[in-house]
Amino acid sequence: MTLGVAVVGAGDMGRRHAQHWQQAGAHLVAICDAYKPLAERVAATHNAKAFVSLEDALKNVGADIQVVSVCTPTFLHAPISLTALSNGKHVLCEKPVALTLEDAKAMKQAAQTNHKELRIGFMRRFDPAYPQLVSACERVGSPLLAHATIAAGIRPKRLMHDANANGGPIIDMCCHVFNLWEGIFGCHPETVSAHGYTFSEDKLELTGITHKAVDSAHISLHYPNGCHGHIQVSWGLPTGVEAVETHAYIGPSGMVRANWNEEITLNDGQGTTTWTRDSSDANLLDPWRREIAQFYLELTQDAPRQVAAIEDGMNALDISLAVLTSIQTQ
């Protein structure tokens, strides 16, 4: 069975999805983007047709489309996903699921009503570092004390700083950590507190954004099984500051340290075990490719479900919104 795919959004993420769907064995039917010349350039690469909207694609080639990849700014995730689902298409929607839980719930309902698959692109589940980190944390036991630091300069994609478009790092980036920790800790946090800042408030690069998102925060999460997590995050540092992401986990049997892009080290009192990325295999390192290949198998060969469900997106968004509420009430 060959799936026909429409990709909505012809930017970096849309180009990535288009390439990986084709590599997985799907047929690229349509590339949609409000800026049609961009859609046309991507479509030409994959022998697909270009359209300015999903609605336009459905009107013209809808019978050939079985799956829609949503690769737009977050505020468009819900309306595009709802259009796809209501027209009987499966959906792979990039994370974060949406900007509001109301939108996410509507997406879930539409998938159930139309008996279609709706998955959220938590591609880090397919990063080689992910199972290594989960396994190392299991070895140090519970309760775990966790800390993550994520810091970078102003993002090249300016809409990532727009509170009404992508929601800033607490929604757009921290969702990865929230999803990871639900897997490691095995539960949803029961209390959330945070202090937040907008370090980029006066930075000239973002003068065109009226409603800047909170871009820096210190977040504390307490889980019902006794685990605790702290995150310090910033996307508001000066342009050019090197992006970093580090994690540390302490449990009764040892400590785990992780530099997400390089290595994971476990020290459990019996010595030190280090896992290092193999940078020689580009395909192995591309979690988007592995995620889409898996979803293709799930849809065509009934492979075990590994791509994140809508509930995973909703759980992460619930924490993000609780963080923002805490910041607003401090």
# chains A, B, ... in the order shown; residues from 1 in each chain; ligands from 1

$ select_by_dssp --residues "segment 97-290 of chain A" --states "alpha helix (DSSP H)" --output "PyMOL selection string"
chain A and resi 101-114+129-140+169-172+174-185+282-285+287-290

$ write_last_selection --atoms "C-alpha atoms" --output "compact mmCIF listing (two decimals), in the first residue's frame"
# COMPACT_ATOMS: atom_id res chain seq x y z
CA LEU A 101 -6.09 22.83 25.39
CA GLU A 102 -9.45 23.68 23.84
CA ASP A 103 -7.90 23.42 20.39
CA ALA A 104 -6.10 20.19 21.29
CA LYS A 105 -9.32 18.65 22.61
CA ALA A 106 -11.11 19.61 19.39
CA MET A 107 -8.35 17.87 17.42
CA LYS A 108 -8.70 14.73 19.52
CA GLN A 109 -12.47 14.72 19.09
CA ALA A 110 -12.18 15.14 15.33
CA ALA A 111 -9.80 12.18 15.10
CA GLN A 112 -12.15 10.00 17.13
CA THR A 113 -15.24 11.10 15.21
CA ASN A 114 -13.63 10.43 11.84
CA ALA A 129 20.02 9.56 22.75
CA TYR A 130 16.45 9.05 23.99
CA PRO A 131 16.55 5.34 24.89
CA GLN A 132 20.07 5.71 26.24
CA LEU A 133 18.98 8.44 28.65
CA VAL A 134 15.84 6.58 29.73
CA SER A 135 17.86 3.41 30.38
CA ALA A 136 20.53 5.26 32.35
CA CYS A 137 17.90 6.95 34.53
CA GLU A 138 16.29 3.59 35.25
CA ARG A 139 19.63 2.35 36.55
CA VAL A 140 20.02 5.16 39.11
CA PRO A 169 10.17 28.22 24.49
CA ILE A 170 7.88 27.23 27.36
CA ILE A 171 5.38 25.89 24.81
CA ASP A 172 7.58 25.30 21.77
CA CYS A 174 9.97 22.72 26.95
CA CYS A 175 7.30 20.35 25.62
CA HIS A 176 10.19 18.03 24.69
CA VAL A 177 11.40 17.92 28.30
CA PHE A 178 7.89 17.55 29.72
CA ASN A 179 7.24 14.62 27.38
CA LEU A 180 10.60 13.03 28.21
CA TRP A 181 10.05 13.35 31.95
CA GLU A 182 6.57 11.82 31.78
CA GLY A 183 8.28 8.82 30.21
CA ILE A 184 11.13 8.69 32.73
CA PHE A 185 9.08 9.48 35.86
CA ALA A 282 23.39 10.79 9.23
CA ASN A 283 20.31 8.61 8.77
CA LEU A 284 20.62 7.18 12.27
CA LEU A 285 20.91 10.66 13.71
CA PRO A 287 14.91 11.53 14.31
CA TRP A 288 12.39 13.08 11.88
CA ARG A 289 13.26 10.48 9.26
CA ARG A 290 12.93 7.65 11.75

$ closest_atom_pairs --of "segment 222-246 of chain A" --to "segment 207-213 of chain A" --cutoff "12 Å" --atoms "only C-alpha atoms" --output "Markdown table"
| residue | atom | partner | partner_atom | distance |
| --- | --- | --- | --- | --- |
| A:Ser234 | CA | A:Ala213 | CA | 11.2 |
| A:Trp235 | CA | A:Ala213 | CA | 10.0 |
| A:Gly236 | CA | A:Ala213 | CA | 10.0 |

$ write_last_selection --atoms "C-alpha atoms" --output "mmCIF file, in the first residue's frame"
data_model
loop_
_atom_site.group_PDB
_atom_site.id
_atom_site.type_symbol
_atom_site.label_atom_id
_atom_site.label_comp_id
_atom_site.auth_asym_id
_atom_site.auth_seq_id
_atom_site.Cartn_x
_atom_site.Cartn_y
_atom_site.Cartn_z
ATOM 1 C CA SER A 234 16.120 30.927 27.747
ATOM 2 C CA TRP A 235 15.713 31.875 24.120
ATOM 3 C CA GLY A 236 16.379 35.507 24.953
#

$ closest_residue --among "A:Val307, A:Ala24, A:Cys93, A:Val214" --to "Ser81 of chain A" --atoms "only C-alpha atoms"
A:Cys93

$ atom_distance --atom1 "atom CA of Gly153 of chain A" --atom2 "atom CA of His218 of chain A"
16.8 Å

$ atom_distance --atom1 "atom CA of Val97 of chain A" --atom2 "atom CA of Ile120 of chain A"
6.4 Å

$ closest_residue --among "A:Asn164, A:Asn259, A:Asn225, A:Ser69" --to "Phe295 of chain A" --atoms "only C-alpha atoms"
A:Ser69

$ residues_around --residues "segment 57-67 of chain A" --least-positions-apart "2" --cutoff "7 Å" --atoms "only C-alpha atoms" --output "list in words"
Leu3, Gly4, Val5, Ala6, Val29, Ala30, Phe51, Ser53, Leu54, Glu55, Ser69, Lys89, His90 and Val91 of chain A

$ write_last_selection --atoms "C-alpha atoms" --output "PDB file, in the first residue's frame"
ATOM      1  CA  LEU A   3       0.169   6.460   0.915  1.00  0.00           C
ATOM      2  CA  GLY A   4      -0.530   9.796  -0.724  1.00  0.00           C
ATOM      3  CA  VAL A   5       0.721  12.664   1.439  1.00  0.00           C
ATOM      4  CA  ALA A   6       0.074  16.403   1.570  1.00  0.00           C
ATOM      5  CA  VAL A  29       0.783  14.519  -3.753  1.00  0.00           C
ATOM      6  CA  ALA A  30       0.683  18.135  -2.585  1.00  0.00           C
ATOM      7  CA  PHE A  51      -1.269  24.811  -3.537  1.00  0.00           C
ATOM      8  CA  SER A  53      -3.847  25.964   1.245  1.00  0.00           C
ATOM      9  CA  LEU A  54      -4.889  22.498   2.321  1.00  0.00           C
ATOM     10  CA  GLU A  55      -8.456  23.353   1.337  1.00  0.00           C
ATOM     11  CA  SER A  69       1.720  16.501   7.625  1.00  0.00           C
ATOM     12  CA  LYS A  89      -7.213  12.105   6.367  1.00  0.00           C
ATOM     13  CA  HIS A  90      -4.698  10.833   8.910  1.00  0.00           C
ATOM     14  CA  VAL A  91      -2.563  13.585  10.471  1.00  0.00           C
TER      15      VAL A  91
END

$ closest_residue --among "A:Leu145, A:Val42, A:Ile250, A:Met255" --to "His222 of chain A" --atoms "only C-alpha atoms"
A:Leu145

$ atom_distance --atom1 "atom CA of Leu99 of chain A" --atom2 "atom CA of Ile31 of chain A"
24.0 Å

$ residues_around --residues "Ala243 of chain A" --least-positions-apart "3" --cutoff "8 Å" --atoms "only C-alpha atoms" --output "PyMOL selection string"
chain A and resi 150-153

$ write_last_selection --atoms "C-alpha atoms" --output "compact mmCIF listing (two decimals), in the first residue's frame"
# COMPACT_ATOMS: atom_id res chain seq x y z
CA ILE A 150 18.30 24.94 27.69
CA ALA A 151 19.73 28.23 26.48
CA ALA A 152 20.16 29.97 23.14
CA GLY A 153 20.23 33.33 21.47

$ closest_residue --among "A:Thr274, A:Thr300, A:Ser142, A:Thr325" --to "Ser253 of chain A" --atoms "only C-alpha atoms"
A:Ser142

$ select_by_dssp --residues "segment 106-201 of chain A" --states "strand (DSSP E or B)" --output "ChimeraX atom specification"
/A:118-121,145-153,162,191-197

$ write_last_selection --atoms "C-alpha atoms" --output "compact mmCIF listing (two decimals), in the first residue's frame"
# COMPACT_ATOMS: atom_id res chain seq x y z
CA LEU A 118 -3.69 11.86 14.82
CA ARG A 119 -0.10 11.86 16.00
CA ILE A 120 2.16 14.56 17.40
CA GLY A 121 5.75 15.01 16.22
CA LEU A 145 16.07 14.66 41.08
CA ALA A 146 16.27 16.12 37.58
CA HIS A 147 17.66 19.33 36.14
CA ALA A 148 17.72 20.59 32.56
CA THR A 149 19.35 23.72 31.14
CA ILE A 150 18.30 24.94 27.69
CA ALA A 151 19.73 28.23 26.48
CA ALA A 152 20.16 29.97 23.14
CA GLY A 153 20.23 33.33 21.47
CA ASP A 162 5.55 35.44 19.15
CA THR A 191 2.47 20.88 41.26
CA VAL A 192 4.08 23.43 38.95
CA SER A 193 5.73 26.73 39.84
CA ALA A 194 7.84 29.11 37.81
CA HIS A 195 9.38 32.55 37.47
CA GLY A 196 9.60 33.99 33.99
CA TYR A 197 11.20 36.85 32.10

$ closest_residue --among "A:Ala163, A:Ala84, A:Val52, A:Met173" --to "Thr100 of chain A" --atoms "only C-alpha atoms"
A:Ala163
